[in-house]
Amino acid sequence: MQISDKDLLQMYRWMVLDRVFEEKTFDLLKLGKLVGFHHPNVGQEAVDVGTCYGLRKDDTIMPTHRGKGKYLMKGVDIKIMMAGMFGRRNGSGKGRGPASHSGDNSIGLLAGTGLIGSGIPISTGAALAMKLQKKDSVALHFFGDGASNRGDFHEALNMAGVMKLPIVYVCDNNCYAMSVPQSCAMAIENIAIRAEGYGFPGIMVDGNDVLAVYEATQKAIVRARKGEGPTLIECKTYRWMGHSINDPGVYRSAEEVAAWKEKCPVRRFENYLREKKILNDAKVQDVYKKVNEEIEEAVRFAESSPLPLPEDTLLDVYADLKN
Amino acid sequence: MQISDKDLLQMYRWMVLDRVFEEKTFDLLKLGKLVGFHHPNVGQEAVDVGTCYGLRKDDTIMPTHRGKGKYLMKGVDIKIMMAGMFGRRNGSGKGRGPASHSGDNSIGLLAGTGLIGSGIPISTGAALAMKLQKKDSVALHFFGDGASNRGDFHEALNMAGVMKLPIVYVCDNNCYAMSVPQSCAMAIENIAIRAEGYGFPGIMVDGNDVLAVYEATQKAIVRARKGEGPTLIECKTYRWMGHSINDPGVYRSAEEVAAWKEKCPVRRFENYLREKKILNDAKVQDVYKKVNEEIEEAVRFAESSPLPLPEDTLLDVYADLKN
Amino acid sequence: MREITFVEAVNEALHEEMARDERVYIFGEDVRVGYGKGGPFGATNGLATRFGPERVIDTPISESAIAGTSVGAALWGMRPVAEIMFSDFLALAMDHIVNSAAKMRYAYAGEATVPVVFRMACGAGVGAALHHSQSPEAWITNVPGLKVVMPSTPADAKGLLKSAIRDDNPVVFFEHKFLYSRLREPVPEGEHLIPLGKADVKRSGEDLTIIAYGAMLQQAMRAADLLNQEGVKVEVLDPRTLVPLDRETILQSVKKTGKVIIVHEAPTFGGFGGEIAALIAEEAFYSLDAPIKRVGAPFTPVPASPILEKFYLPNAEKIVKAAKEIME
Amino acid sequence: MREITFVEAVNEALHEEMARDERVYIFGEDVRVGYGKGGPFGATNGLATRFGPERVIDTPISESAIAGTSVGAALWGMRPVAEIMFSDFLALAMDHIVNSAAKMRYAYAGEATVPVVFRMACGAGVGAALHHSQSPEAWITNVPGLKVVMPSTPADAKGLLKSAIRDDNPVVFFEHKFLYSRLREPVPEGEHLIPLGKADVKRSGEDLTIIAYGAMLQQAMRAADLLNQEGVKVEVLDPRTLVPLDRETILQSVKKTGKVIIVHEAPTFGGFGGEIAALIAEEAFYSLDAPIKRVGAPFTPVPASPILEKFYLPNAEKIVKAAKEIME
Ligand SMILES: Cc1ncc(C[n+]2csc(CCOP(=O)(O)OP(=O)(O)O)c2C)c(N)n1
Ligand SMILES: Cc1ncc(C[n+]2csc(CCOP(=O)(O)OP(=O)(O)O)c2C)c(N)n1
Ligand SMILES: [Mg+2]
Ligand SMILES: [Mg+2]
């Protein structure tokens with residue numbers, strides 16, 4: 001697959017942004033500055049960037065609970081996202097919903113729910129809408145290895161298969177669902193094979209190789225736009241940190257974590273771009289500097305943003321009725 | 001597989017009983033004599049007999065809504081079953097529950113619920129109990145092609161796979177779920193392949209060939225008793241009649257139905273046994289005569305059985321509390 | 001006015017709304033053909049031939065995904081009418097009704113609407129036993145974000161369903177299956193809209209208010225007749241919409257009569273009648289001159305036998321008995 | 001008596017019952033290790049090391065099958081303690097709780113028992129937002145066949161959980177997550193059983209009854225203190241078990257005080273408070289000398305922001321305000 005240097009650089013910038021954003025917000029979380037749950041995505045950046053790069057505005061995505069990279073790539077303003085994480089009135093969710101489950105139809109961002117796996121039929125319904133509306137947009141849906149054991153996974157993928165819906169299911173397989181390793185939750189190694197049971201292709205990719213992820217996604221998107229139906233893409237990756245701030249991660253060995261850190265997707269892509277002479281020290285530093293500045297600015301914006309008013313509680317329950 | 005002549009004859013008798021019982025009770029239904037829903041099983045007898053023949057008392061089964069053959073084979077007294085269908089006080093369910101969703105622990109009959117597919121985890125739980133109790137019994141669970149699209153199918157089979165539970169999942173694939181043909185409900189032809197996604201074997205058999213069904217089931221049972229885990233067996237068959245008494249079956253052609261009637265599992269087995277000289281005209285007549293008598297007697301028993309008392313409504317809601 | 005059955009009224013509403021708005025589509029099991037006339041009950045009769053299988057979609061047996069995909073399609077510009085064949089199966093769609101549909105607008109902080117209707121056949125009286133006969137409205141009336149509707153007459157069914165389809169909120173729409181083909185009444189042709197959230201005084205009276213909905217309205221009307229013969233003037237009030245509940249009309253009636261009986265088919269304990277009783281006990285307390293009575297089913301599953309089911313169901317006689325207890 | 005936290009009390013009950021009866025096993029997500037101390041909250045701490053992974057079973061993320069397999073295992077001789085991590089996910093297990101567990105004994109016409117406990121962490125106050133903070137008890141209190149328990153103190157949590165595990169009926173056991181590590185109180189060591197279906201008068205008084213459960217009991221006690229300072233003698237009654245409800249104790253109290261406030265954390269509208277109010281309005285009507293008040297959450301999802309959540313939650317001040325309205 002041919003990708004321009006400009007695109008490659010853009011992708012790299014997103015990888016770095018994703019990494020730094022997650023690290024930075026985790027620090028803020030530890031400082032008690034953020035509201036709600038946050039599940040750091042560090043180590044899984046290649047999935048975000050490889051799947052979301054180059055999507056159209058009228059394509060939808062629904063990210064998972066883990067990480068904010070996909071939101072940002074789909075077009076959520078980083079300041080608004082940060083303000084949401086700070087629980088501010090102008091941020092994602094505006095204090096009513098959590099920042100990580102807020103949606104925005106204008107940029108094709110579908111809100112999930114806090115229930116693992118329940119988003120799968122919701123995205124599938126958006127794909128059904130696209131088909132009924134005779135559009136060539138595509139829905140991208142994200143979920144974890146753990147989510148693939150929910151009944152909703154089965155019901156939705158089966159429906160998408162039989163109705164040939166324009167959707168790409170992306171499984172962020174990071175080997176664990178909270179403390180439970182994949183081997184304890186299913187008797188198979190490759191979740192992708194489940195697609196066979198729904199009559200469409202299931203593909204495995206190295207989830208730490210952004211270009212492999214990108215290529216697989218683009219193929220699936222073309223297929224979906226042509227009306228040929230869904231694809232399931234399983235991206236094998238790993239989360240470096242605990243499930244959430246409360247999780248010391250006692251269920252896995254230091255060696256295992258270290259081995260995966262060796263396969264760092266950001267460094268790997270950086271090395272590749274250096275080899276291709278697209279990146280050098282100066283450029284890398286520049287990317288990090290700009291990304292850091294962008295994030296710092298977002299934090300400043302969030303910190304100076306207004307808190308919600310208590311009475312905001314009562315808004316937006318119904319489209320017509322008032323509390 | 002070696003099967004004694006005696007067993008073959010027994011199986012034949014069950015095939016005939018199943019067929020005649022379903023036809024007879026459908027007539028009674030048309031006469032308005034039965035209470036509740038009934039879904040005739042005519043055409044699918046080979047699945048009942050091939051799977052349930054030779055089960056142990058400490059094995060469990062959970063039949064579907066369709067047909068009573070499995071209940072009778074597992075040991076429900078035909079009179080009690082009939083009395084249940086007549087809504088009598090001494091019959092299955094005793095007027096509280098419907099005859100087709102009543103259970104009896106003493107013979108390993110698990111009650112399902114009226115929700116298609118919801119029984120799958122329940123049987124799976126019985127298999128888990130067997131494993132925890134370190135028994136070598138097996139759970140047999142039945143469900144239709146339509147039920148295999150329920151989320152519970154997925155969640156339960158996945159659990160059974162990873163926990164290596166002693167259970168055999170039998171899919172009565174009769175090509176339709178009410179009016180919906182399989183092709184309209186899933187993009188695959190062979191439901192058995194879904195087992196791959198759960199890490200255990202999925203097997204297809206001709207569901208109109210009682211011996212093929214028997215052989216596949218026995219193999220799966222041996223596997224389960226040895227602690228090697230579940231098997232999914234898909235039996236390809238067809239229901240001759242409408243889904244229920246209300247269903248004129250406008251969604252399928254007369255030719256299709258006729259073609260499947262050509263493949264009648266009862267006649268097929270009969271012909272086989274005639275060829276093997278195990279059956280002849282006289283024996284066939286004798287089997288039909290005895291079966292008819294048995295059913296007639298059950299009907300007489302049911303008709304002369306007491307109706308429930310209105311206040312029975314209030315019984316058996318809690319093990320301890322009284323209404 | 002021409003008379004049609006309850007299910008025909010439902011069907012007419014679907015026909016009209018699908019013709020009016022092409023974003024409306026039907027999604028459920030056996031809705032296309034079913035038993036030959038659209039679904040097991042005929043509610044979707046003629047829709048597939050008129051609007052094509054693209055807009056009248058047979059689904060796999062996947063209640064959770066029926067509900068969940070409908071939420072997604074509603075978010076993405078469609079107006080799905082999802083059918084859950086029996087309301088007992090609401091339990092399977094529960095997550096998407098209470099956690100997805102009901103909360104989406106809040107999660108979006110007002111930047112999205114979820115115009116989906118979940119239709120489902122509820123209620124007992126047809127010998128369908130414990131898993132096909134429940135009245136589960138109380139399972140979802142404590143869930144902010146949902147509207148919950150239960151019509152009692154063919155005309156209300158048509159007018160409320162049309163409004164529900166046009167509503168920008170998720171609406172759970174209970175259709176009592178006992179009424180489907182048994183209740184035939186005048187129903188206005190063409191545009192006939194009944195606003196959600198408005199109760200209807202089905203009969204005026206000064207001595208006693210009976211509040212009843214679903215199939216119980218018929219029983220309340222019969223009870224009113226019986227009581228009238230003994231000189232008790234009964235007001236029969238049908239809330240029609242449970243969420244939002246028309247508090248004013250209820251309170252007005254009770255303030256007038258001072259006595260109230262609340263009737264529903266679900267078990268009394270834990271039923272929606274509790275909400276109505278609590279409302280009255282707080283807001284019309286000083287107008288009450290007798291205990292608030294509730295008449296509902298006993299605390300048991302719905303039995304299979306018709307003899308037992310008859311004993312189980314609330315009816316006019318039980319309402320009259322309750323009335324006599326508070327009219328003394 | 002030694003003091004332990006709410007979650008330690010839950011944990012102790014599990015330890016004791018697993019030691020007592022080897023048919024008891026734990027089944028749920030992350031119950032074995034979780035965040036290092038058994039589950040996300042520590043409720044199953046130490047169980048896996050003591051009883052082995054065979055009896056403390058980590059499951060896939062499959063709430064429906066967690067519930068459904070537990071029903072099957074209970075039918076086949078085991079006594080499962082199924083864990084649904086957050087009670088919001090009850091919606092996913094709803095079918096097996098309301099249609100399987102609750103109805104099995106009836107379907108078997110009394111020839112089976114279904115001794116399963118569904119434990120789940122409910123409630124708000126910890127900033128967990130709309131899908132991890134609900135109080136869904138009213139979703140299931142209209143379902144015959146279930147018992148529904150919600151303890152308010154560590155001692156009750158231990159005593160009720162032990163009873164629930166020994167009960168031959170399906171029990172839904174709500175544990176308020178705000179209390180888990182925040183409430184530390186004396187809890188009897190060893191055998192300590194509190195019967196299901198018995199309310200507890202947590203404080204006696206003659207002027208006003210406050211009925212409250214779950215995390216709201218603390219608020220009711222605080223309100224009682226505040227009101228006491230103004231000379232109002234408050235009786236605080238904790239039903240502890242919602243189904244079966246201890247009607248006698250409730251009616252007795254209200255008959256004594258003549259005034260009642262019902263408090264729960266779920267939205268007021270459609271909440272379980274309606275059932276309690278309706279009971280009182282029917283059975284203690286003539287003893288009442290003021291409207292029945294309910295204090296609950298507004299009719300909105302649980303908001304994410306702590307500022308909003310504080311506004312959302314019922315508390316002692318809101319209870320006092322309601323009290324003043326009826327004490328005048
Ligand atoms: C239905 C449901 N069950 C359980 C949870 C609690 N929970 C939150 S995240 C999580 C693990 C999810 O694992 P996976 O899908 O692999 O995603 P990951 O966290 O690894 O990215 C669990 C069990 C939940 N939120 N929803
Ligand atoms: C959860 C649920 N959805 C829908 C129904 C209505 N229903 C009863 S039988 C049936 C078809 C079942 O098809 P299948 O599983 O293939 O079994 P078959 O009837 O063909 O034997 C349907 C949709 C139900 N009882 N439960
Ligand atoms: Mg994972
Ligand atoms: Mg079928």
# chains A, B, ... in the order shown; residues from 1 in each chain; ligands from 1
call {"tool": "closest_atom_pairs", "arguments": {"of": "chain B", "to": "chain C", "cutoff": "6 Å", "atoms": "only C-alpha atoms", "output": "CSV"}}
result
residue,atom,partner,partner_atom,distance
B:Gly36,CA,C:Gly127,CA,5.5
B:Gly87,CA,C:Ser305,CA,5.6
B:Gly95,CA,C:Ser305,CA,4.7
B:Arg96,CA,C:Pro303,CA,4.5
B:Gly97,CA,C:Ala304,CA,5.5
B:Pro98,CA,C:Ala304,CA,5.5
B:Gly114,CA,C:His131,CA,5.3
B:Gly146,CA,C:Ile61,CA,6.0
B:Asn149,CA,C:Ile61,CA,5.8
B:Arg150,CA,C:Ser62,CA,5.0
B:Ser179,CA,C:Gly34,CA,5.2
B:Ala185,CA,C:Pro60,CA,4.4
B:Asp247,CA,C:Tyr35,CA,4.9
B:Val250,CA,C:Gly36,CA,5.9
B:Pro310,CA,C:Leu308,CA,4.8
B:Thr313,CA,C:Leu308,CA,5.3
B:Val317,CA,C:Thr300,CA,6.0
call {"tool": "interface_residues", "arguments": {"of": "chain A", "to": "chain B", "cutoff": "10 Å", "atoms": "only C-alpha atoms", "output": "PyMOL selection string"}}
result
chain A and resi 148-164+182-200
call {"tool": "interface_residues", "arguments": {"of": "chain C", "to": "chain D", "cutoff": "8 Å", "atoms": "only C-alpha atoms", "output": "ChimeraX atom specification"}}
result
/C:88-89,91-92,94-95,98-99,103,106,130-131,138-145,266-278,281-286,290-293,299-301
call {"tool": "residues_around", "arguments": {"residues": "A:Leu17", "least_positions_apart": "5", "cutoff": "10 Å", "atoms": "only C-alpha atoms", "output": "PyMOL selection string"}}
result
chain A and resi 11-12+22-23+45+69+72-73+287-288+290-292+294-295
call {"tool": "write_last_selection", "arguments": {"atoms": "N, CA, C and O atoms", "output": "compact mmCIF listing (two decimals), in the first residue's frame"}}
result
# COMPACT_ATOMS: atom_id res chain seq x y z
N MET A 11 0.59 10.40 10.64
CA MET A 11 0.30 9.22 11.47
C MET A 11 1.25 9.17 12.67
O MET A 11 0.85 8.86 13.79
N TYR A 12 2.48 9.49 12.40
CA TYR A 12 3.45 9.49 13.49
C TYR A 12 3.06 10.51 14.56
O TYR A 12 3.09 10.23 15.77
N GLU A 22 -2.17 10.13 26.79
CA GLU A 22 -2.54 9.12 27.78
C GLU A 22 -1.64 9.19 29.01
O GLU A 22 -2.10 9.05 30.14
N GLU A 23 -0.35 9.39 28.77
CA GLU A 23 0.57 9.48 29.92
C GLU A 23 0.26 10.71 30.76
O GLU A 23 0.19 10.66 31.99
N GLU A 45 -1.31 2.33 20.79
CA GLU A 45 -1.51 3.47 19.91
C GLU A 45 -1.65 3.09 18.44
O GLU A 45 -2.36 3.75 17.67
N GLY A 69 -7.40 8.54 22.15
CA GLY A 69 -6.80 8.76 20.83
C GLY A 69 -7.81 8.71 19.69
O GLY A 69 -7.78 9.55 18.78
N LEU A 72 -9.93 11.84 19.48
CA LEU A 72 -9.21 13.00 18.97
C LEU A 72 -9.01 12.87 17.46
O LEU A 72 -9.19 13.82 16.71
N MET A 73 -8.67 11.67 17.02
CA MET A 73 -8.46 11.48 15.58
C MET A 73 -9.73 11.69 14.80
O MET A 73 -9.71 12.16 13.66
N VAL A 287 8.07 17.09 16.88
CA VAL A 287 6.74 16.49 17.06
C VAL A 287 6.39 16.44 18.54
O VAL A 287 5.31 16.87 18.96
N TYR A 288 7.33 15.92 19.33
CA TYR A 288 7.05 15.83 20.77
C TYR A 288 6.79 17.19 21.38
O TYR A 288 5.91 17.37 22.21
N LYS A 290 5.65 19.93 19.94
CA LYS A 290 4.34 20.47 19.56
C LYS A 290 3.20 19.73 20.25
O LYS A 290 2.22 20.32 20.70
N VAL A 291 3.35 18.45 20.30
CA VAL A 291 2.31 17.64 20.96
C VAL A 291 2.20 18.04 22.43
O VAL A 291 1.10 18.24 22.96
N ASN A 292 3.34 18.17 23.06
CA ASN A 292 3.33 18.57 24.46
C ASN A 292 2.69 19.93 24.65
O ASN A 292 1.90 20.14 25.58
N GLU A 294 0.51 21.32 22.71
CA GLU A 294 -0.92 21.21 22.44
C GLU A 294 -1.66 20.67 23.68
O GLU A 294 -2.73 21.16 24.06
N ILE A 295 -1.05 19.68 24.28
CA ILE A 295 -1.69 19.07 25.45
C ILE A 295 -1.67 20.05 26.63
O ILE A 295 -2.66 20.20 27.35
call {"tool": "residues_near_ligand", "arguments": {"ligand": "ligand 1", "cutoff": "6 Å", "atoms": "only C-alpha atoms and all ligand atoms", "output": "number ranges by chain"}}
result
A: 66, 114-116, 143-147, 174, 176-178; D: 61, 89
call {"tool": "closest_residue", "arguments": {"among": "D:Leu226, D:Ala43, D:Val81, D:Leu75", "to": "D:His176", "atoms": "only C-alpha atoms"}}
result
D:Ala43
call {"tool": "atom_distance", "arguments": {"atom1": "atom CA of C:Arg2", "atom2": "atom CA of C:Arg182"}}
result
15.9 Å
call {"tool": "select_by_dssp", "arguments": {"residues": "stretch 53-200 of chain C", "states": "alpha helix (DSSP H)", "output": "NGL selection string"}}
result
:C and (63-75 or 90-94 or 102-107 or 154-166)
call {"tool": "residues_around", "arguments": {"residues": "D:Lys177", "least_positions_apart": "4", "cutoff": "10 Å", "atoms": "only C-alpha atoms", "output": "list in words"}}
result
Phe6, Val7, Phe41, Phe86, Ser87, Met120, Ala121, Cys122, Gly123, Ala124, Gly125, Val126, His132, Ser133, Ser181, Arg182, Gly214 and Ala215 of chain D
call {"tool": "closest_residue", "arguments": {"among": "D:Glu3, D:Glu54, D:Asp238, D:Glu16", "to": "B:Leu128", "atoms": "only C-alpha atoms"}}
result
D:Glu54
call {"tool": "residues_around", "arguments": {"residues": "B:Leu110", "least_positions_apart": "3", "cutoff": "7 Å", "atoms": "only C-alpha atoms", "output": "PyMOL selection string"}}
result
chain B and resi 60-62+103-105
call {"tool": "write_last_selection", "arguments": {"atoms": "all heavy atoms", "output": "PDB file, in the first residue's frame"}}
result
ATOM      1  N   THR B  60     -28.496 -34.919  32.077  1.00  0.00           N
ATOM      2  CA  THR B  60     -29.662 -34.034  31.936  1.00  0.00           C
ATOM      3  C   THR B  60     -29.933 -33.751  30.466  1.00  0.00           C
ATOM      4  O   THR B  60     -29.024 -33.788  29.633  1.00  0.00           O
ATOM      5  CB  THR B  60     -29.436 -32.679  32.630  1.00  0.00           C
ATOM      6  OG1 THR B  60     -28.313 -32.013  32.037  1.00  0.00           O
ATOM      7  CG2 THR B  60     -29.190 -32.845  34.115  1.00  0.00           C
ATOM      8  N   ILE B  61     -31.184 -33.474  30.191  1.00  0.00           N
ATOM      9  CA  ILE B  61     -31.532 -32.890  28.900  1.00  0.00           C
ATOM     10  C   ILE B  61     -32.400 -31.665  29.156  1.00  0.00           C
ATOM     11  O   ILE B  61     -33.065 -31.558  30.182  1.00  0.00           O
ATOM     12  CB  ILE B  61     -32.318 -33.848  27.967  1.00  0.00           C
ATOM     13  CG1 ILE B  61     -33.728 -34.132  28.527  1.00  0.00           C
ATOM     14  CG2 ILE B  61     -31.562 -35.134  27.722  1.00  0.00           C
ATOM     15  CD1 ILE B  61     -34.683 -34.722  27.508  1.00  0.00           C
ATOM     16  N   MET B  62     -32.354 -30.746  28.230  1.00  0.00           N
ATOM     17  CA  MET B  62     -33.370 -29.706  28.183  1.00  0.00           C
ATOM     18  C   MET B  62     -33.877 -29.625  26.743  1.00  0.00           C
ATOM     19  O   MET B  62     -33.163 -29.180  25.861  1.00  0.00           O
ATOM     20  CB  MET B  62     -32.839 -28.343  28.623  1.00  0.00           C
ATOM     21  CG  MET B  62     -33.982 -27.326  28.723  1.00  0.00           C
ATOM     22  SD  MET B  62     -33.407 -25.635  28.887  1.00  0.00           S
ATOM     23  CE  MET B  62     -32.605 -25.691  30.469  1.00  0.00           C
ATOM     24  N   GLY B 103     -39.928 -29.326  34.551  1.00  0.00           N
ATOM     25  CA  GLY B 103     -38.750 -30.156  34.718  1.00  0.00           C
ATOM     26  C   GLY B 103     -38.962 -31.227  35.771  1.00  0.00           C
ATOM     27  O   GLY B 103     -39.976 -31.232  36.480  1.00  0.00           O
ATOM     28  N   ASP B 104     -38.018 -32.141  35.853  1.00  0.00           N
ATOM     29  CA  ASP B 104     -38.080 -33.200  36.857  1.00  0.00           C
ATOM     30  C   ASP B 104     -36.648 -33.643  37.156  1.00  0.00           C
ATOM     31  O   ASP B 104     -36.018 -34.356  36.376  1.00  0.00           O
ATOM     32  CB  ASP B 104     -38.919 -34.361  36.323  1.00  0.00           C
ATOM     33  CG  ASP B 104     -39.102 -35.463  37.364  1.00  0.00           C
ATOM     34  OD1 ASP B 104     -38.340 -35.494  38.362  1.00  0.00           O
ATOM     35  OD2 ASP B 104     -40.003 -36.288  37.181  1.00  0.00           O
ATOM     36  N   ASN B 105     -36.145 -33.208  38.290  1.00  0.00           N
ATOM     37  CA  ASN B 105     -34.755 -33.500  38.615  1.00  0.00           C
ATOM     38  C   ASN B 105     -34.494 -34.993  38.766  1.00  0.00           C
ATOM     39  O   ASN B 105     -33.387 -35.464  38.491  1.00  0.00           O
ATOM     40  CB  ASN B 105     -34.339 -32.781  39.902  1.00  0.00           C
ATOM     41  CG  ASN B 105     -34.013 -31.312  39.646  1.00  0.00           C
ATOM     42  OD1 ASN B 105     -33.768 -30.912  38.505  1.00  0.00           O
ATOM     43  ND2 ASN B 105     -34.020 -30.511  40.692  1.00  0.00           N
TER      44      ASN B 105
END
call {"tool": "residues_around", "arguments": {"residues": "A:Ala126", "least_positions_apart": "5", "cutoff": "9 Å", "atoms": "only C-alpha atoms", "output": "list in words"}}
result
Thr60, Leu110, Pro121, Lys131, Val138, Ala139 and Ile167 of chain A; Thr69, Ser70, Val71, Gly72, Ala73, Ala74, Leu75, Trp76, Gly77 and Met78 of chain C
call {"tool": "residues_around", "arguments": {"residues": "A:Asn90", "least_positions_apart": "5", "cutoff": "8 Å", "atoms": "only C-alpha atoms", "output": "list in words"}}
result
Ile80, Ala83, Gly84, Ser305 and Pro306 of chain A
call {"tool": "closest_residue", "arguments": {"among": "A:Gly227, A:Val205, A:Arg274, A:Gly50", "to": "A:Leu132", "atoms": "only C-alpha atoms"}}
result
A:Gly227
call {"tool": "select_by_dssp", "arguments": {"residues": "stretch 21-152 of chain A", "states": "strand (DSSP E)", "output": "JSON, numbers by chain"}}
result
{"A": [60, 61, 62, 139, 140, 141, 142, 143, 144]}
call {"tool": "write_last_selection", "arguments": {"atoms": "N, CA and C atoms", "output": "mmCIF file, in the first residue's frame"}}
result
data_model
loop_
_atom_site.group_PDB
_atom_site.id
_atom_site.type_symbol
_atom_site.label_atom_id
_atom_site.label_comp_id
_atom_site.auth_asym_id
_atom_site.auth_seq_id
_atom_site.Cartn_x
_atom_site.Cartn_y
_atom_site.Cartn_z
ATOM 1 N N THR A 60 -18.669 6.621 10.880
ATOM 2 C CA THR A 60 -18.775 6.711 12.339
ATOM 3 C C THR A 60 -17.720 5.834 13.002
ATOM 4 N N ILE A 61 -17.348 6.234 14.181
ATOM 5 C CA ILE A 61 -16.582 5.336 15.051
ATOM 6 C C ILE A 61 -17.252 5.305 16.411
ATOM 7 N N MET A 62 -17.073 4.211 17.096
ATOM 8 C CA MET A 62 -17.372 4.189 18.527
ATOM 9 C C MET A 62 -16.180 3.584 19.228
ATOM 10 N N ALA A 139 -19.180 2.344 9.239
ATOM 11 C CA ALA A 139 -19.065 2.412 10.696
ATOM 12 C C ALA A 139 -17.856 1.603 11.139
ATOM 13 N N LEU A 140 -17.026 2.197 11.974
ATOM 14 C CA LEU A 140 -15.922 1.457 12.583
ATOM 15 C C LEU A 140 -16.276 1.236 14.041
ATOM 16 N N HIS A 141 -16.215 0.001 14.452
ATOM 17 C CA HIS A 141 -16.531 -0.237 15.852
ATOM 18 C C HIS A 141 -15.378 -0.907 16.577
ATOM 19 N N PHE A 142 -15.078 -0.390 17.747
ATOM 20 C CA PHE A 142 -13.965 -0.893 18.552
ATOM 21 C C PHE A 142 -14.449 -1.632 19.783
ATOM 22 N N PHE A 143 -13.746 -2.672 20.135
ATOM 23 C CA PHE A 143 -14.053 -3.388 21.375
ATOM 24 C C PHE A 143 -12.847 -4.224 21.761
ATOM 25 N N GLY A 144 -12.842 -4.667 22.980
ATOM 26 C CA GLY A 144 -11.702 -5.430 23.475
ATOM 27 C C GLY A 144 -11.888 -6.933 23.337
#
call {"tool": "closest_residue", "arguments": {"among": "B:Val180, B:Ala254, B:Ala220, B:Ile122", "to": "ligand 4", "atoms": "only C-alpha atoms and all ligand atoms"}}
result
B:Val180
